[in-house]
$ cat data.csv   # CSV, C-alpha atoms
chain,number,residue,atom,x,y,z
A,1,MET,CA,116.9,92.5,98.5
A,2,THR,CA,115.4,89.3,99.8
A,3,ALA,CA,118.6,88.7,101.8
A,4,HIS,CA,117.7,91.9,103.8
A,5,ARG,CA,114.1,90.8,104.4
A,6,SER,CA,115.0,88.3,107.1
A,7,LYS,CA,117.1,91.0,108.9
A,8,VAL,CA,114.5,93.8,108.9
A,9,ARG,CA,112.9,93.7,112.4
A,10,ALA,CA,112.9,97.4,113.5
A,11,PHE,CA,112.2,97.7,117.2
A,12,ALA,CA,111.6,93.9,117.3
A,13,CYS,CA,115.3,93.1,116.7
A,14,LEU,CA,118.5,93.7,118.5
A,15,GLY,CA,117.9,97.4,118.9
A,16,LEU,CA,117.0,100.3,116.6
A,17,PHE,CA,120.5,101.1,115.4
A,18,VAL,CA,121.3,97.5,114.6
A,19,CYS,CA,117.9,97.1,112.9
A,20,LEU,CA,118.4,100.0,110.6
A,21,ALA,CA,121.9,99.0,109.6
A,22,ALA,CA,120.7,95.4,109.0
A,23,ALA,CA,118.0,96.7,106.7
A,24,GLY,CA,120.5,98.7,104.8
A,25,PHE,CA,119.5,102.0,106.3
A,26,PRO,CA,122.0,104.3,108.0
A,27,ALA,CA,121.7,104.4,111.8
A,28,PRO,CA,119.8,107.5,113.0
A,29,ASP,CA,121.5,110.2,114.9
A,30,ALA,CA,120.0,111.6,118.2
A,31,ARG,CA,117.3,113.5,116.2
A,32,ALA,CA,116.4,110.3,114.3
A,33,GLU,CA,116.8,112.1,110.9
A,34,ASN,CA,117.9,109.0,109.1
A,35,VAL,CA,115.0,106.8,110.1
A,36,PRO,CA,113.3,105.6,106.9
A,37,THR,CA,109.8,106.8,106.0
A,38,PRO,CA,107.2,104.1,105.4
A,39,GLU,CA,107.6,104.8,101.6
A,40,GLU,CA,111.4,104.3,101.8
A,41,TYR,CA,110.9,101.1,103.8
A,42,VAL,CA,108.5,99.8,101.1
A,43,ASP,CA,110.9,100.8,98.3
A,44,HIS,CA,113.7,99.0,100.0
A,45,VAL,CA,112.0,95.7,100.8
A,46,GLY,CA,109.9,95.6,97.5
A,47,GLY,CA,107.6,92.7,96.9
A,48,ASP,CA,104.0,93.2,98.0
A,49,ALA,CA,104.8,95.7,100.7
A,50,HIS,CA,102.6,98.7,100.8
A,51,VAL,CA,101.6,101.6,103.1
A,52,LEU,CA,98.1,102.0,104.7
A,53,ALA,CA,97.3,105.5,105.9
A,54,PRO,CA,96.3,105.9,109.6
A,55,GLY,CA,92.9,104.3,110.2
A,56,GLU,CA,92.9,102.2,107.0
A,57,LEU,CA,94.0,99.0,108.5
A,58,LYS,CA,91.3,96.5,109.5
A,59,LEU,CA,92.0,93.3,111.4
A,60,ASP,CA,89.1,90.8,111.1
A,61,GLY,CA,86.8,93.8,110.2
A,62,ARG,CA,87.9,95.9,113.1
A,63,GLN,CA,89.5,99.3,112.3
A,64,GLN,CA,93.0,99.7,113.9
A,65,VAL,CA,94.4,103.1,114.8
A,66,CYS,CA,97.8,104.1,116.3
A,67,GLY,CA,97.5,107.8,116.5
A,68,GLN,CA,98.5,109.3,113.1
A,69,ARG,CA,101.0,106.5,112.3
A,70,PRO,CA,100.6,104.6,109.1
A,71,THR,CA,101.0,100.8,108.8
A,72,VAL,CA,103.2,99.0,106.3
A,73,ILE,CA,101.9,95.6,105.2
A,74,ASP,CA,104.8,93.3,104.4
A,75,SER,CA,104.1,89.6,103.9
A,76,GLN,CA,107.9,88.9,103.8
A,77,LEU,CA,108.6,90.4,107.3
A,78,ASP,CA,110.1,87.6,109.4
A,79,ASP,CA,107.8,88.3,112.3
A,80,TYR,CA,104.2,89.0,113.0
A,81,GLY,CA,104.9,92.7,113.5
A,82,ALA,CA,107.6,95.3,114.0
A,83,ALA,CA,107.9,99.1,114.4
A,84,TYR,CA,110.1,101.9,113.3
A,85,PRO,CA,109.7,105.3,114.9
A,86,GLY,CA,106.6,106.8,113.1
A,87,PHE,CA,105.1,103.6,111.6
A,88,LEU,CA,104.2,100.0,112.2
A,89,ILE,CA,104.9,96.9,110.1
A,90,LEU,CA,102.6,93.9,110.0
A,91,ASN,CA,102.9,90.5,108.2
A,92,PRO,CA,99.4,89.5,107.0
A,93,ARG,CA,100.6,86.0,106.1
A,94,LEU,CA,101.5,85.3,109.7
A,95,LEU,CA,98.6,87.2,111.2
A,96,SER,CA,96.2,85.1,109.3
A,97,GLN,CA,97.2,82.2,111.5
A,98,VAL,CA,96.2,83.7,114.8
A,99,THR,CA,93.0,84.6,116.6
A,100,THR,CA,91.5,88.1,116.4
A,101,ALA,CA,92.5,88.9,120.0
A,102,VAL,CA,96.1,88.0,119.2
A,103,LYS,CA,96.1,90.0,116.0
A,104,GLN,CA,94.8,93.1,117.9
A,105,TRP,CA,97.3,92.6,120.6
A,106,ILE,CA,100.2,92.4,118.1
A,107,PHE,CA,99.0,95.6,116.5
A,108,ALA,CA,98.6,97.3,119.9
A,109,HIS,CA,102.1,96.0,121.0
A,110,GLU,CA,103.7,97.5,118.0
A,111,CYS,CA,101.7,100.7,118.6
A,112,GLY,CA,103.0,100.6,122.2
A,113,HIS,CA,106.5,101.0,120.8
A,114,GLN,CA,105.4,104.3,119.2
A,115,PHE,CA,104.4,105.7,122.6
A,116,ARG,CA,106.7,103.8,125.0
A,117,GLY,CA,109.8,103.3,122.9
A,118,PRO,CA,111.7,100.0,122.5
A,119,ASP,CA,111.0,98.5,125.9
A,120,GLU,CA,109.2,95.2,125.2
A,121,GLU,CA,107.5,94.9,128.6
A,122,ALA,CA,106.2,98.5,128.3
A,123,ALA,CA,104.8,97.7,124.9
A,124,ASP,CA,103.2,94.5,126.2
A,125,CYS,CA,101.6,96.4,129.1
A,126,PHE,CA,100.5,99.2,126.8
A,127,ALA,CA,98.8,96.6,124.5
A,128,VAL,CA,96.8,94.8,127.1
A,129,GLN,CA,95.8,97.9,128.9
A,130,ARG,CA,94.7,99.5,125.7
A,131,GLY,CA,92.7,96.4,124.8
A,132,ARG,CA,91.0,96.4,128.2
A,133,ARG,CA,90.3,100.1,128.0
A,134,MET,CA,88.9,100.0,124.4
A,135,GLY,CA,86.9,96.9,125.2
A,136,TRP,CA,88.4,94.5,122.6
A,137,LEU,CA,90.4,92.5,125.2
A,138,ASP,CA,88.7,90.4,127.9
A,139,GLU,CA,90.1,87.6,130.1
A,140,GLN,CA,89.4,85.0,127.4
A,141,GLY,CA,91.4,87.1,124.8
A,142,LEU,CA,94.2,87.5,127.3
A,143,GLU,CA,94.3,83.7,127.7
A,144,GLU,CA,94.5,83.4,123.9
A,145,ILE,CA,97.5,85.8,123.9
A,146,CYS,CA,99.1,83.8,126.7
A,147,THR,CA,98.6,80.6,124.8
A,148,PHE,CA,100.2,82.1,121.7
A,149,ILE,CA,103.2,83.6,123.5
A,150,THR,CA,103.9,81.2,126.3
A,151,PRO,CA,105.9,78.7,124.1
A,152,SER,CA,108.4,81.4,123.3
A,153,LYS,CA,111.7,80.8,125.0
A,154,GLY,CA,112.8,84.4,124.9
A,155,GLY,CA,116.0,85.9,123.6
A,156,SER,CA,118.0,89.1,123.4
A,157,MET,CA,114.9,91.3,123.1
A,158,HIS,CA,112.1,89.5,124.8
A,159,PHE,CA,111.7,87.7,128.1
A,160,SER,CA,110.3,84.2,127.9
A,161,GLY,CA,106.6,83.9,126.9
A,162,ALA,CA,105.7,82.7,130.4
A,163,HIS,CA,107.3,85.8,132.0
A,164,ARG,CA,105.6,88.1,129.5
A,165,CYS,CA,102.3,86.5,130.1
A,166,GLU,CA,102.6,86.8,133.9
A,167,TYR,CA,103.6,90.5,133.4
A,168,MET,CA,100.7,91.1,131.0
A,169,ARG,CA,98.2,89.6,133.5
A,170,LYS,CA,99.4,92.1,136.1
A,171,CYS,CA,99.1,95.0,133.7
A,172,TYR,CA,95.6,93.8,132.6
A,173,ALA,CA,94.4,93.6,136.2
A,174,ASP,CA,95.8,97.0,137.2
A,175,PRO,CA,92.8,98.7,138.9
A,176,SER,CA,94.0,102.1,137.7
A,177,VAL,CA,93.3,101.3,134.0
A,178,ARG,CA,90.0,102.8,133.0

$ encode --input "data.csv" --output "structure tokens"
Amino acid sequence: MTAHRSKVRAFACLGLFVCLAAAGFPAPDARAENVPTPEEYVDHVGGDAHVLAPGELKLDGRQQVCGQRPTVIDSQLDDYGAAYPGFLILNPRLLSQVTTAVKQWIFAHECGHQFRGPDEEAADCFAVQRGRRMGWLDEQGLEEICTFITPSKGGSMHFSGAHRCEYMRKCYADPSVR
């Protein structure tokens, strides 16, 4: 199973269908009937992976909520976070290395996939606007996020970190966000 761990990336990889196949799950049909449940994901990856019910997750003492979606904690995930339709996945080992603002942004970004789909810019925008609206993200926190993400060169799923930071600054400053 450990060979699959490095391939499990959900929305954060090459696309939902590729991600599911790489993880050993069949690709979902148009109704997403074959998307794994959080429990199936945990059974598949093994290790210390476990499911937290909606509202059980705390990051640096702050409760995190993404509607009624649970969060899978998987310290072997090869990224900070990922998302399948219906649940989020976080790697606590990697999250322990970043600031509180970055942790909350990562959670909110993966939550954004739940409401905005696989579009990475939409998830980034959702995350910073949510943070601003909820009061946990200020300009200093946005700079921490930009410092964290700017070194990223980008790839098949994400634009470069500098591009993402510029876009998030615009989303954060949008006067229509209340």

$ atom_distance --input "data.csv" --atom1 "atom CA of Ser176 of chain A" --atom2 "atom CA of Gly154 of chain A"
28.8 Å

$ closest_residue --input "data.csv" --among "A:Val177, A:Ile73, A:Met134, A:Ala123" --to "Glu56 of chain A" --atoms "all atoms listed in the file"
A:Ile73

$ residues_around --input "data.csv" --residues "Glu144 of chain A" --least-positions-apart "6" --cutoff "9 Å" --atoms "only C-alpha atoms" --output "list in words"
Thr99, Ala101 and Val102 of chain A

$ closest_residue --input "data.csv" --among "A:Val35, A:Cys111, A:Met157, A:Val98" --to "Ile145 of chain A" --atoms "all atoms listed in the file"
A:Val98

$ atom_distance --input "data.csv" --atom1 "atom CA of Thr147 of chain A" --atom2 "atom CA of Thr100 of chain A"
13.3 Å

$ closest_residue --input "data.csv" --among "A:Leu90, A:Leu137, A:Val45, A:Ala122" --to "Arg164 of chain A" --atoms "only C-alpha atoms"
A:Ala122

$ closest_residue --input "data.csv" --among "A:Gly155, A:Trp105, A:Pro85, A:Pro54" --to "Pro118 of chain A" --atoms "only C-alpha atoms"
A:Pro85

$ atom_distance --input "data.csv" --atom1 "atom CA of Thr150 of chain A" --atom2 "atom CA of Met168 of chain A"
11.4 Å

$ closest_residue --input "data.csv" --among "A:Gln97, A:Gln129, A:Gln64, A:Gln76" --to "Tyr167 of chain A" --atoms "all atoms listed in the file"
A:Gln129

$ residues_near_point --input "data.csv" --point "(111.1, 103.3, 106.6)" --cutoff "10 Å" --atoms "only C-alpha atoms" --output "list in words"
Ala10, Leu20, Ala23, Phe25, Asn34, Val35, Pro36, Thr37, Pro38, Glu39, Glu40, Tyr41, Val42, Asp43, His44, Val45, Val72, Ala83, Tyr84, Pro85, Gly86, Phe87, Leu88 and Ile89 of chain A

$ residues_around --input "data.csv" --residues "Lys153 of chain A" --least-positions-apart "5" --cutoff "10 Å" --atoms "all atoms listed in the file" --output "JSON, numbers by chain"
{"A": [158, 159, 160, 161, 162, 163]}

$ residues_around --input "data.csv" --residues "Asp74 of chain A" --least-positions-apart "4" --cutoff "8 Å" --atoms "all atoms listed in the file" --output "list in words"
Asp48, Ala49, His50, Ile89, Leu90, Asn91 and Pro92 of chain A

$ residues_around --input "data.csv" --residues "segment 131-133 of chain A" --least-positions-apart "5" --cutoff "8 Å" --atoms "all atoms listed in the file" --output "list of chain:residue names"
A:Gln104, A:Trp105, A:Ala108, A:Asp138, A:Tyr172, A:Val177, A:Arg178

$ closest_residue --input "data.csv" --among "A:Ser96, A:Val65, A:Ala82, A:Leu59" --to "Glu120 of chain A" --atoms "all atoms listed in the file"
A:Ala82

$ decode --input "data.csv" --residues "segment 138-174 of chain A" --atoms "N, CA and C atoms" --output "PDB file, in the first residue's frame"
ATOM      1  N   ASP A 138      -5.743  38.222   7.904  1.00  0.00           N
ATOM      2  CA  ASP A 138      -5.492  39.648   7.707  1.00  0.00           C
ATOM      3  C   ASP A 138      -4.359  39.790   6.697  1.00  0.00           C
ATOM      4  N   GLU A 139      -3.927  41.015   6.443  1.00  0.00           N
ATOM      5  CA  GLU A 139      -2.876  41.230   5.439  1.00  0.00           C
ATOM      6  C   GLU A 139      -1.562  40.553   5.823  1.00  0.00           C
ATOM      7  N   GLN A 140      -1.232  40.528   7.104  1.00  0.00           N
ATOM      8  CA  GLN A 140      -0.011  39.841   7.538  1.00  0.00           C
ATOM      9  C   GLN A 140      -0.111  38.342   7.233  1.00  0.00           C
ATOM     10  N   GLY A 141      -1.260  37.748   7.524  1.00  0.00           N
ATOM     11  CA  GLY A 141      -1.472  36.328   7.229  1.00  0.00           C
ATOM     12  C   GLY A 141      -1.402  36.041   5.735  1.00  0.00           C
ATOM     13  N   LEU A 142      -1.950  36.955   4.926  1.00  0.00           N
ATOM     14  CA  LEU A 142      -1.876  36.794   3.476  1.00  0.00           C
ATOM     15  C   LEU A 142      -0.417  36.822   3.026  1.00  0.00           C
ATOM     16  N   GLU A 143       0.399  37.673   3.641  1.00  0.00           N
ATOM     17  CA  GLU A 143       1.823  37.706   3.307  1.00  0.00           C
ATOM     18  C   GLU A 143       2.518  36.404   3.712  1.00  0.00           C
ATOM     19  N   GLU A 144       2.113  35.815   4.837  1.00  0.00           N
ATOM     20  CA  GLU A 144       2.664  34.520   5.241  1.00  0.00           C
ATOM     21  C   GLU A 144       2.333  33.451   4.202  1.00  0.00           C
ATOM     22  N   ILE A 145       1.098  33.476   3.705  1.00  0.00           N
ATOM     23  CA  ILE A 145       0.673  32.534   2.663  1.00  0.00           C
ATOM     24  C   ILE A 145       1.499  32.756   1.395  1.00  0.00           C
ATOM     25  N   CYS A 146       1.669  34.011   1.014  1.00  0.00           N
ATOM     26  CA  CYS A 146       2.457  34.319  -0.187  1.00  0.00           C
ATOM     27  C   CYS A 146       3.911  33.894  -0.025  1.00  0.00           C
ATOM     28  N   THR A 147       4.484  34.110   1.148  1.00  0.00           N
ATOM     29  CA  THR A 147       5.856  33.679   1.404  1.00  0.00           C
ATOM     30  C   THR A 147       5.953  32.159   1.273  1.00  0.00           C
ATOM     31  N   PHE A 148       4.944  31.464   1.769  1.00  0.00           N
ATOM     32  CA  PHE A 148       4.909  30.002   1.699  1.00  0.00           C
ATOM     33  C   PHE A 148       4.790  29.511   0.257  1.00  0.00           C
ATOM     34  N   ILE A 149       3.937  30.138  -0.526  1.00  0.00           N
ATOM     35  CA  ILE A 149       3.601  29.611  -1.847  1.00  0.00           C
ATOM     36  C   ILE A 149       4.449  30.167  -2.992  1.00  0.00           C
ATOM     37  N   THR A 150       5.006  31.348  -2.838  1.00  0.00           N
ATOM     38  CA  THR A 150       5.737  31.992  -3.937  1.00  0.00           C
ATOM     39  C   THR A 150       6.886  31.152  -4.501  1.00  0.00           C
ATOM     40  N   PRO A 151       7.646  30.400  -3.707  1.00  0.00           N
ATOM     41  CA  PRO A 151       8.723  29.600  -4.300  1.00  0.00           C
ATOM     42  C   PRO A 151       8.247  28.500  -5.263  1.00  0.00           C
ATOM     43  N   SER A 152       6.968  28.136  -5.196  1.00  0.00           N
ATOM     44  CA  SER A 152       6.455  27.067  -6.058  1.00  0.00           C
ATOM     45  C   SER A 152       6.534  27.461  -7.532  1.00  0.00           C
ATOM     46  N   LYS A 153       7.114  26.586  -8.319  1.00  0.00           N
ATOM     47  CA  LYS A 153       7.262  26.853  -9.748  1.00  0.00           C
ATOM     48  C   LYS A 153       5.990  26.552 -10.538  1.00  0.00           C
ATOM     49  N   GLY A 154       5.060  25.849  -9.946  1.00  0.00           N
ATOM     50  CA  GLY A 154       3.846  25.490 -10.663  1.00  0.00           C
ATOM     51  C   GLY A 154       4.023  24.184 -11.409  1.00  0.00           C
ATOM     52  N   GLY A 155       2.950  23.723 -11.981  1.00  0.00           N
ATOM     53  CA  GLY A 155       2.973  22.453 -12.697  1.00  0.00           C
ATOM     54  C   GLY A 155       1.673  22.235 -13.427  1.00  0.00           C
ATOM     55  N   SER A 156       1.320  20.976 -13.589  1.00  0.00           N
ATOM     56  CA  SER A 156       0.136  20.650 -14.378  1.00  0.00           C
ATOM     57  C   SER A 156      -1.172  21.086 -13.711  1.00  0.00           C
ATOM     58  N   MET A 157      -1.184  21.209 -12.403  1.00  0.00           N
ATOM     59  CA  MET A 157      -2.419  21.585 -11.708  1.00  0.00           C
ATOM     60  C   MET A 157      -2.417  23.020 -11.188  1.00  0.00           C
ATOM     61  N   HIS A 158      -1.264  23.524 -10.810  1.00  0.00           N
ATOM     62  CA  HIS A 158      -1.197  24.841 -10.192  1.00  0.00           C
ATOM     63  C   HIS A 158      -0.360  25.796 -11.032  1.00  0.00           C
ATOM     64  N   PHE A 159      -0.768  27.055 -11.049  1.00  0.00           N
ATOM     65  CA  PHE A 159       0.078  28.102 -11.607  1.00  0.00           C
ATOM     66  C   PHE A 159       1.262  28.283 -10.664  1.00  0.00           C
ATOM     67  N   SER A 160       2.229  29.080 -11.070  1.00  0.00           N
ATOM     68  CA  SER A 160       3.364  29.366 -10.192  1.00  0.00           C
ATOM     69  C   SER A 160       2.856  30.019  -8.912  1.00  0.00           C
ATOM     70  N   GLY A 161       3.657  29.883  -7.865  1.00  0.00           N
ATOM     71  CA  GLY A 161       3.281  30.496  -6.594  1.00  0.00           C
ATOM     72  C   GLY A 161       3.123  31.994  -6.686  1.00  0.00           C
ATOM     73  N   ALA A 162       3.992  32.652  -7.472  1.00  0.00           N
ATOM     74  CA  ALA A 162       3.898  34.111  -7.632  1.00  0.00           C
ATOM     75  C   ALA A 162       2.568  34.495  -8.283  1.00  0.00           C
ATOM     76  N   HIS A 163       2.162  33.737  -9.300  1.00  0.00           N
ATOM     77  CA  HIS A 163       0.879  34.007  -9.969  1.00  0.00           C
ATOM     78  C   HIS A 163      -0.272  33.792  -8.986  1.00  0.00           C
ATOM     79  N   ARG A 164      -0.225  32.694  -8.240  1.00  0.00           N
ATOM     80  CA  ARG A 164      -1.289  32.395  -7.283  1.00  0.00           C
ATOM     81  C   ARG A 164      -1.377  33.487  -6.225  1.00  0.00           C
ATOM     82  N   CYS A 165      -0.222  33.956  -5.747  1.00  0.00           N
ATOM     83  CA  CYS A 165      -0.199  35.007  -4.732  1.00  0.00           C
ATOM     84  C   CYS A 165      -0.832  36.284  -5.272  1.00  0.00           C
ATOM     85  N   GLU A 166      -0.466  36.673  -6.474  1.00  0.00           N
ATOM     86  CA  GLU A 166      -1.037  37.873  -7.094  1.00  0.00           C
ATOM     87  C   GLU A 166      -2.562  37.750  -7.205  1.00  0.00           C
ATOM     88  N   TYR A 167      -3.019  36.589  -7.633  1.00  0.00           N
ATOM     89  CA  TYR A 167      -4.458  36.352  -7.776  1.00  0.00           C
ATOM     90  C   TYR A 167      -5.155  36.391  -6.409  1.00  0.00           C
ATOM     91  N   MET A 168      -4.533  35.780  -5.402  1.00  0.00           N
ATOM     92  CA  MET A 168      -5.138  35.780  -4.070  1.00  0.00           C
ATOM     93  C   MET A 168      -5.197  37.188  -3.479  1.00  0.00           C
ATOM     94  N   ARG A 169      -4.198  37.993  -3.749  1.00  0.00           N
ATOM     95  CA  ARG A 169      -4.242  39.380  -3.271  1.00  0.00           C
ATOM     96  C   ARG A 169      -5.446  40.111  -3.855  1.00  0.00           C
ATOM     97  N   LYS A 170      -5.730  39.888  -5.131  1.00  0.00           N
ATOM     98  CA  LYS A 170      -6.899  40.511  -5.768  1.00  0.00           C
ATOM     99  C   LYS A 170      -8.190  39.990  -5.144  1.00  0.00           C
ATOM    100  N   CYS A 171      -8.260  38.699  -4.932  1.00  0.00           N
ATOM    101  CA  CYS A 171      -9.465  38.122  -4.303  1.00  0.00           C
ATOM    102  C   CYS A 171      -9.662  38.677  -2.898  1.00  0.00           C
ATOM    103  N   TYR A 172      -8.571  38.746  -2.144  1.00  0.00           N
ATOM    104  CA  TYR A 172      -8.634  39.244  -0.770  1.00  0.00           C
ATOM    105  C   TYR A 172      -9.128  40.700  -0.745  1.00  0.00           C
ATOM    106  N   ALA A 173      -8.666  41.495  -1.695  1.00  0.00           N
ATOM    107  CA  ALA A 173      -8.998  42.924  -1.716  1.00  0.00           C
ATOM    108  C   ALA A 173     -10.363  43.223  -2.328  1.00  0.00           C
ATOM    109  N   ASP A 174     -11.018  42.226  -2.887  1.00  0.00           N
ATOM    110  CA  ASP A 174     -12.311  42.443  -3.541  1.00  0.00           C
ATOM    111  C   ASP A 174     -13.286  43.111  -2.557  1.00  0.00           C
TER     112      ASP A 174
END
